[in-house]
Protein chains: 2
Amino acid sequence: MTVEQARALLLEKGLNITPQRVVITDYLLHTIEHPSADEVFEAVKERLPSCSRATVYNTLNTLTEAGIVRAFSPEPGKTRYDANIAPHHHFIDLNTGAIHDIPWECVDQLCQSLGDEFKIKDYQITFYGEHRPASTP
Amino acid sequence: MTVEQARALLLEKGLNITPQRVVITDYLLHTIEHPSADEVFEAVKERLPSCSRATVYNTLNTLTEAGIVRAFSPEPGKTRYDANIAPHHHFIDLNTGAIHDIPWECVDQLCQSLGDEFKIKDYQITFYGEHRPASTP
DNA sequence: TGCCAAAATTAGAATTAATCTAAATTTAGA
DNA sequence: TCTAAATTTAGATTAATTCTAATTTTGGCA
């Protein structure tokens with residue numbers, strides 16, 4: 001994702017290009033920190049001194065709906081944002097709390113393929129889809 | 001997990017067996033609903049009329065720490081509890097919101113093995129562990 | 001059994017993340 | 001430039017959860 005691609009996605013949905021949307025997108029595109037809304041708010045203060053918390057939340061929701069960023073919740077009660085929209089997973093370092101991106105393909109061989117660099121203690125998969133009970137003919 | 005096993009785990013940690021802990025454990029052991037704290041609070045009202053919301057939260061945290069139940073967060077801002085502590089995953093029906101347990105083994109063949117009953121639209125894995133940077137010799 | 005200290009529960013206040021509201025501002029297009 | 005629609009803003013509100021401090025219950029022991 002580039003700033004240009006993000007701009008195109010916004011226009012595609014009939015959304016205006018505003019300084020707030022540009023700066024917040026730009027920030028997310030240049031960090032690997034998986035920040036929370038509040039961390040985004042703090043981070044863009046300098047470039048957007050008058051930006052309100054509500055705008056950060058609005059903008060993050062807008063960017064998420066436009067497919068420019070992805071929201072996820074690695075720990076209850078805290079939503080984090082990621083401008084890496086390629087399908088991937090997350091690895092949380094239990095010692096440091098750092099969140100690392102794990103390529104989608106790695107899951108094929110799961111534990112083995114991650115074994116060298118990431119020592120997996122636990123993992124949790126959540127599937128989203130449509131359930132068709134097996135009993136229905 | 002049985003009520004007896006839960007009792008043993010509490011005693012093992014030096015925790016008292018209280019009516020609140022027994023009733024909440026018993027409720028979680030007999031539902032497949034993956035309830036939230038508030039749903040547990042509503043559900044045990046009849047058997048524990050004087051039970052406060054704080055006790056429900058305290059008890060759920062205690063039961064989680066004791067390994068009697070598991071907490072997870074399928075959607076940002078909502079923690080849910082599951083007395084099925086066997087390693088497993090979750091499948092969320094996008095139409096109904098129902099949460100189904102998926103056996104751990106199914107992940108080996110991933111999408112294929114779930115294909116008949118569960119039509120996967122998306123899934124998200126979160127790994128927990130320890131990161132050892134590849135650059136460190 | 002009765003007492004005591006520790007553990008647990010309770011009600012309500014406090015906190016935190018996030019959304020809502022309504023007014024003010026900005027934007028894009030005619 | 002003018003205008004309607006979109007966006008931003010500050011602050012109020014909501015929802016989930018934790019905290020606090022007082023009260024009650026528990027289990028061990030004389």
# chains A, B, ... in the order shown; residues from 1 in each chain; ligands from 1
>>> interface_residues(of="chain C", to="chain B", cutoff="9 Å", atoms="only C-alpha atoms (C1' of nucleotides)", output="PDB file with N, CA and C atoms (P, O5', C5', C4', C3', O3' and C1' of nucleotides), in the first residue's frame")
ATOM      1  P    DA C   7      -4.873 -14.692  52.453  1.00  0.00           P
ATOM      2  O5'  DA C   7      -6.360 -14.939  51.954  1.00  0.00           O
ATOM      3  C5'  DA C   7      -6.982 -16.194  52.225  1.00  0.00           C
ATOM      4  C4'  DA C   7      -8.379 -16.162  51.659  1.00  0.00           C
ATOM      5  C3'  DA C   7      -8.455 -15.605  50.243  1.00  0.00           C
ATOM      6  O3'  DA C   7      -9.263 -16.489  49.497  1.00  0.00           O
ATOM      7  C1'  DA C   7      -9.936 -14.406  51.668  1.00  0.00           C
ATOM      8  P    DA C   8      -9.703 -16.173  48.037  1.00  0.00           P
ATOM      9  O5'  DA C   8     -11.111 -15.492  48.242  1.00  0.00           O
ATOM     10  C5'  DA C   8     -12.128 -16.201  48.934  1.00  0.00           C
ATOM     11  C4'  DA C   8     -13.421 -15.409  48.898  1.00  0.00           C
ATOM     12  C3'  DA C   8     -13.785 -14.869  47.526  1.00  0.00           C
ATOM     13  O3'  DA C   8     -15.103 -15.308  47.255  1.00  0.00           O
ATOM     14  C1'  DA C   8     -13.882 -13.152  49.153  1.00  0.00           C
ATOM     15  P    DT C   9     -15.900 -14.788  46.014  1.00  0.00           P
ATOM     16  O5'  DT C   9     -16.764 -13.608  46.626  1.00  0.00           O
ATOM     17  C5'  DT C   9     -17.679 -13.902  47.677  1.00  0.00           C
ATOM     18  C4'  DT C   9     -18.441 -12.650  48.057  1.00  0.00           C
ATOM     19  C3'  DT C   9     -19.163 -11.961  46.899  1.00  0.00           C
ATOM     20  O3'  DT C   9     -20.531 -11.817  47.257  1.00  0.00           O
ATOM     21  C1'  DT C   9     -17.854 -10.409  48.136  1.00  0.00           C
ATOM     22  P    DT C  10     -21.591 -11.324  46.216  1.00  0.00           P
ATOM     23  O5'  DT C  10     -21.670  -9.774  46.546  1.00  0.00           O
ATOM     24  C5'  DT C  10     -22.079  -9.346  47.855  1.00  0.00           C
ATOM     25  C4'  DT C  10     -21.891  -7.854  47.987  1.00  0.00           C
ATOM     26  C3'  DT C  10     -22.405  -7.052  46.802  1.00  0.00           C
ATOM     27  O3'  DT C  10     -23.628  -6.437  47.188  1.00  0.00           O
ATOM     28  C1'  DT C  10     -20.277  -6.254  47.589  1.00  0.00           C
ATOM     29  P    DA C  11     -24.627  -5.859  46.129  1.00  0.00           P
ATOM     30  O5'  DA C  11     -24.267  -4.310  46.181  1.00  0.00           O
ATOM     31  C5'  DA C  11     -24.281  -3.636  47.439  1.00  0.00           C
ATOM     32  C4'  DA C  11     -23.782  -2.228  47.235  1.00  0.00           C
ATOM     33  C3'  DA C  11     -24.367  -1.526  46.008  1.00  0.00           C
ATOM     34  O3'  DA C  11     -24.824  -0.246  46.413  1.00  0.00           O
ATOM     35  C1'  DA C  11     -21.985  -1.563  45.884  1.00  0.00           C
ATOM     36  P    DA C  17      -7.353   3.041  27.119  1.00  0.00           P
ATOM     37  O5'  DA C  17      -8.482   2.564  26.126  1.00  0.00           O
ATOM     38  C5'  DA C  17      -8.883   1.209  26.149  1.00  0.00           C
ATOM     39  C4'  DA C  17     -10.101   1.069  25.286  1.00  0.00           C
ATOM     40  C3'  DA C  17      -9.956   1.682  23.894  1.00  0.00           C
ATOM     41  O3'  DA C  17     -10.470   0.759  22.947  1.00  0.00           O
ATOM     42  C1'  DA C  17     -11.818   2.642  25.004  1.00  0.00           C
ATOM     43  P    DA C  18     -10.434   1.145  21.410  1.00  0.00           P
ATOM     44  O5'  DA C  18     -11.830   1.832  21.202  1.00  0.00           O
ATOM     45  C5'  DA C  18     -13.015   1.054  21.489  1.00  0.00           C
ATOM     46  C4'  DA C  18     -14.224   1.937  21.344  1.00  0.00           C
ATOM     47  C3'  DA C  18     -14.310   2.679  20.007  1.00  0.00           C
ATOM     48  O3'  DA C  18     -15.391   2.128  19.277  1.00  0.00           O
ATOM     49  C1'  DA C  18     -14.907   4.069  21.857  1.00  0.00           C
TER      50       DA C  18
END
>>> residues_around(residues="segment 7-14 of chain A", least_positions_apart="3", cutoff="9 Å", atoms="only C-alpha atoms (C1' of nucleotides)", output="list of chain:residue names")
A:Thr2, A:Val3, A:Glu4, A:Ile17, A:Val22, A:Thr62, A:Leu63, A:Ala66, A:Gly67, A:Ile68
>>> select_by_dssp(residues="chain B", states="helix (DSSP H, G or I)", output="PyMOL selection string")
chain B and resi 3-12+19-29+37-44+53-65+104-108+110-114
>>> interface_residues(of="chain D", to="chain A", cutoff="10 Å", atoms="only C-alpha atoms (C1' of nucleotides)", output="MDAnalysis selection string")
chainID D and resid 6:10 16:17
>>> closest_residue(among="A:Val56, A:Glu39, A:Phe72, A:Glu33", to="Pro19 of chain A", atoms="only C-alpha atoms")
A:Val56
>>> select_by_dssp(residues="chain A", states="strand (DSSP E or B)", output="PyMOL selection string")
chain A and resi 36+70-75+78-82+88-93+99-103+118-131
>>> residues_around(residues="DC4 of chain C", least_positions_apart="4", cutoff="12 Å", atoms="only C-alpha atoms (C1' of nucleotides)", output="ChimeraX atom specification")
/D:26-30
>>> closest_residue(among="A:Pro103, A:Pro49, A:Pro35, A:Pro76", to="chain B", atoms="only C-alpha atoms")
A:Pro76
>>> residues_around(residues="segment 88-102 of chain B", least_positions_apart="2", cutoff="6 Å", atoms="only C-alpha atoms (C1' of nucleotides)", output="list in words")
Ile125, Thr126, Phe127, Tyr128, Gly129, Glu130 and His131 of chain A; Trp104 of chain B
>>> write_last_selection(atoms="N, CA and C atoms", output="PDB file, in the first residue's frame")
ATOM      1  N   ILE A 125      -6.625 -19.222  16.746  1.00  0.00           N
ATOM      2  CA  ILE A 125      -7.164 -18.919  15.427  1.00  0.00           C
ATOM      3  C   ILE A 125      -8.636 -18.577  15.553  1.00  0.00           C
ATOM      4  N   THR A 126      -9.060 -17.519  14.947  1.00  0.00           N
ATOM      5  CA  THR A 126     -10.487 -17.241  14.849  1.00  0.00           C
ATOM      6  C   THR A 126     -10.879 -17.244  13.380  1.00  0.00           C
ATOM      7  N   PHE A 127     -11.828 -18.095  13.068  1.00  0.00           N
ATOM      8  CA  PHE A 127     -12.350 -18.183  11.710  1.00  0.00           C
ATOM      9  C   PHE A 127     -13.624 -17.360  11.594  1.00  0.00           C
ATOM     10  N   TYR A 128     -13.840 -16.773  10.423  1.00  0.00           N
ATOM     11  CA  TYR A 128     -15.086 -16.057  10.165  1.00  0.00           C
ATOM     12  C   TYR A 128     -15.697 -16.622   8.890  1.00  0.00           C
ATOM     13  N   GLY A 129     -16.953 -16.945   8.923  1.00  0.00           N
ATOM     14  CA  GLY A 129     -17.573 -17.511   7.730  1.00  0.00           C
ATOM     15  C   GLY A 129     -19.036 -17.819   7.933  1.00  0.00           C
ATOM     16  N   GLU A 130     -19.516 -18.799   7.193  1.00  0.00           N
ATOM     17  CA  GLU A 130     -20.929 -19.168   7.275  1.00  0.00           C
ATOM     18  C   GLU A 130     -21.050 -20.634   7.646  1.00  0.00           C
ATOM     19  N   HIS A 131     -21.860 -20.900   8.667  1.00  0.00           N
ATOM     20  CA  HIS A 131     -22.025 -22.258   9.152  1.00  0.00           C
ATOM     21  C   HIS A 131     -23.227 -22.921   8.490  1.00  0.00           C
TER      22      HIS A 131
ATOM     23  N   TRP B 104      -8.686 -28.710  17.427  1.00  0.00           N
ATOM     24  CA  TRP B 104      -7.307 -28.332  17.164  1.00  0.00           C
ATOM     25  C   TRP B 104      -6.746 -29.020  15.911  1.00  0.00           C
TER      26      TRP B 104
END
>>> closest_residue(among="A:Thr79, A:Glu65, A:Pro87, A:Val44", to="Leu28 of chain A", atoms="only C-alpha atoms")
A:Val44
>>> closest_residue(among="B:Ala37, B:Ala71, B:Ala6, B:Ile32", to="chain A", atoms="only C-alpha atoms")
B:Ala71
>>> closest_residue(among="B:Ser73, B:Ser36, B:Thr64, B:Asn84", to="chain A", atoms="only C-alpha atoms")
B:Ser73
>>> atom_distance(atom1="atom CA of Met1 of chain A", atom2="atom CA of Tyr27 of chain A")
12.4 Å
